[in-house]
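Okay, target-v3.pdb now, which holds PDB, C-alpha atoms:
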ATOM      1  CA  MET J   1      45.834 -57.344  41.086
ATOM      2  CA  LYS J   2      45.261 -53.825  39.779
ATOM      3  CA  TYR J   3      44.339 -51.052  42.208
ATOM      4  CA  GLU J   4      42.720 -47.671  41.713
ATOM      5  CA  VAL J   5      44.510 -44.867  43.583
ATOM      6  CA  GLU J   6      42.479 -41.987  45.030
ATOM      7  CA  LEU J   7      44.145 -38.915  46.547
ATOM      8  CA  LYS J   8      42.373 -37.130  49.380
ATOM      9  CA  PRO J   9      42.461 -33.284  49.359
ATOM     10  CA  GLN J  10      45.145 -33.200  52.080
ATOM     11  CA  ALA J  11      47.383 -35.501  50.010
ATOM     12  CA  ILE J  12      47.026 -33.195  46.999
ATOM     13  CA  LYS J  13      47.907 -30.229  49.207
ATOM     14  CA  ASP J  14      50.948 -32.117  50.546
ATOM     15  CA  LEU J  15      52.036 -32.955  47.011
ATOM     16  CA  LYS J  16      51.955 -29.296  45.958
ATOM     17  CA  GLN J  17      54.360 -28.384  48.758
ATOM     18  CA  ILE J  18      57.221 -30.707  47.770
ATOM     19  CA  THR J  19      59.815 -30.138  45.053
ATOM     20  CA  LYS J  20      59.160 -31.178  41.468
ATOM     21  CA  THR J  21      61.803 -33.902  41.487
ATOM     22  CA  ASP J  22      60.410 -35.416  44.671
ATOM     23  CA  ALA J  23      56.857 -35.086  43.320
ATOM     24  CA  ARG J  24      57.903 -36.971  40.189
ATOM     25  CA  ARG J  25      59.328 -39.788  42.332
ATOM     26  CA  VAL J  26      56.081 -39.866  44.335
ATOM     27  CA  PHE J  27      54.038 -40.149  41.124
ATOM     28  CA  ASP J  28      56.242 -43.032  39.989
ATOM     29  CA  GLY J  29      55.679 -44.686  43.371
ATOM     30  CA  LEU J  30      51.926 -44.238  43.041
ATOM     31  CA  GLU J  31      52.050 -45.853  39.594
ATOM     32  CA  ASN J  32      53.890 -48.833  41.094
ATOM     33  CA  LEU J  33      51.311 -48.953  43.868
ATOM     34  CA  LYS J  34      48.628 -49.555  41.239
ATOM     35  CA  ASP J  35      50.372 -52.776  40.187
ATOM     36  CA  ASP J  36      49.799 -55.189  43.046
ATOM     37  CA  LEU J  37      51.097 -52.756  45.724
ATOM     38  CA  LYS J  38      54.667 -52.851  44.417
ATOM     39  CA  GLY J  39      57.310 -50.847  46.199
ATOM     40  CA  ASP J  40      58.419 -50.532  49.799
ATOM     41  CA  VAL J  41      54.963 -51.026  51.328
ATOM     42  CA  LYS J  42      54.642 -51.845  55.001
ATOM     43  CA  GLN J  43      51.628 -52.425  57.201
ATOM     44  CA  LEU J  44      51.777 -50.189  60.262
ATOM     45  CA  THR J  45      50.767 -51.332  63.728
ATOM     46  CA  ASN J  46      48.630 -49.168  66.004
ATOM     47  CA  PHE J  47      48.504 -46.367  63.453
ATOM     48  CA  THR J  48      45.897 -44.970  61.116
ATOM     49  CA  PRO J  49      46.167 -45.062  58.076
ATOM     50  CA  GLU J  50      47.218 -48.682  58.119
ATOM     51  CA  PHE J  51      49.866 -48.754  55.364
ATOM     52  CA  ARG J  52      52.830 -46.696  54.213
ATOM     53  CA  LEU J  53      54.859 -46.543  51.026
ATOM     54  CA  ARG J  54      58.418 -45.298  51.386
ATOM     55  CA  ILE J  55      59.687 -43.030  48.604
ATOM     56  CA  GLY J  56      63.089 -41.659  49.581
ATOM     57  CA  LYS J  57      62.554 -39.209  52.428
ATOM     58  CA  TYR J  58      58.766 -39.140  51.963
ATOM     59  CA  ARG J  59      56.071 -41.477  53.209
ATOM     60  CA  ILE J  60      52.747 -42.061  51.483
ATOM     61  CA  LEU J  61      50.180 -43.004  54.125
ATOM     62  CA  PHE J  62      47.239 -44.933  52.708
ATOM     63  CA  GLU J  63      44.535 -47.495  53.345
ATOM     64  CA  ILE J  64      43.065 -50.189  51.172
ATOM     65  CA  GLU J  65      39.303 -49.832  50.900
ATOM     66  CA  SER J  66      37.138 -52.467  49.248
ATOM     67  CA  ASP J  67      38.899 -54.935  46.958
ATOM     68  CA  ASN J  68      40.795 -52.691  44.582
ATOM     69  CA  ASN J  69      40.698 -49.124  45.891
ATOM     70  CA  VAL J  70      43.704 -47.432  47.547
ATOM     71  CA  VAL J  71      42.989 -44.148  49.350
ATOM     72  CA  VAL J  72      46.027 -41.910  49.931
ATOM     73  CA  TYR J  73      45.606 -39.658  52.969
ATOM     74  CA  ARG J  74      49.015 -37.999  53.315
ATOM     75  CA  ILE J  75      52.283 -37.538  51.436
ATOM     76  CA  ILE J  76      54.590 -36.339  54.164
ATOM     77  CA  HIS J  77      58.261 -36.065  55.091
ATOM     78  CA  ARG J  78      59.499 -38.980  57.163
ATOM     79  CA  LYS J  79      60.361 -36.816  60.185
ATOM     80  CA  ASP J  80      56.694 -35.818  60.520
ATOM     81  CA  ALA J  81      54.999 -38.975  59.266
ATOM     82  CA  TYR J  82      54.526 -40.876  62.514
ATOM     83  CA  LYS J  83      53.931 -38.069  64.992
ATOM     84  CA  LYS J  84      50.744 -38.168  67.026
ATOM     85  CA  ARG J  85      48.062 -35.952  65.542
ATOM     86  CA  LYS J  86      45.561 -34.119  67.680
TER      87      LYS J  86
END
For the structure just supplied, provide its representation as structure tokens.
Amino acid sequence: MKYEVELKPQAIKDLKQITKTDARRVFDGLENLKDDLKGDVKQLTNFTPEFRLRIGKYRILFEIESDNNVVVYRIIHRKDAYKKRK
């Protein structure tokens, strides 16, 4: 199944703050995400957004909305990815 990937403004802001080589790896991961959610995707428990994609030391936090739409909320370093937000 093919998915459409939408980046929220915070995800775009996160992407601008990482290095070019890491950003390139994230873009490759997002391309794989379009093809049937390929990659190291895991459903999270008791956490919003509900899914994460692991790309090296970064985590892409996203949700699946409707049948074929993936909404990316954050692209964040793994040390900060699962902290409680206020």
Original post:
For this file, the PyMOL selection byres ((chain J and resi 61-66) around 10) selects which residues, as a PyMOL selection string?
Top reply: chain J and resi 3-8+11+41-44+48-54+58-60+67-76+81-82
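Separating atom CA of Gly56 of chain J from atom CA of His77 of chain J is a distance of 9.2 Å.
When atom CA of Asp36 of chain J is paired with atom CA of Lys2 of chain J, their separation reads 5.8 Å.
In this model, the gap between atom CA of Thr45 of chain J and atom CA of Arg78 of chain J comes to 16.5 Å.
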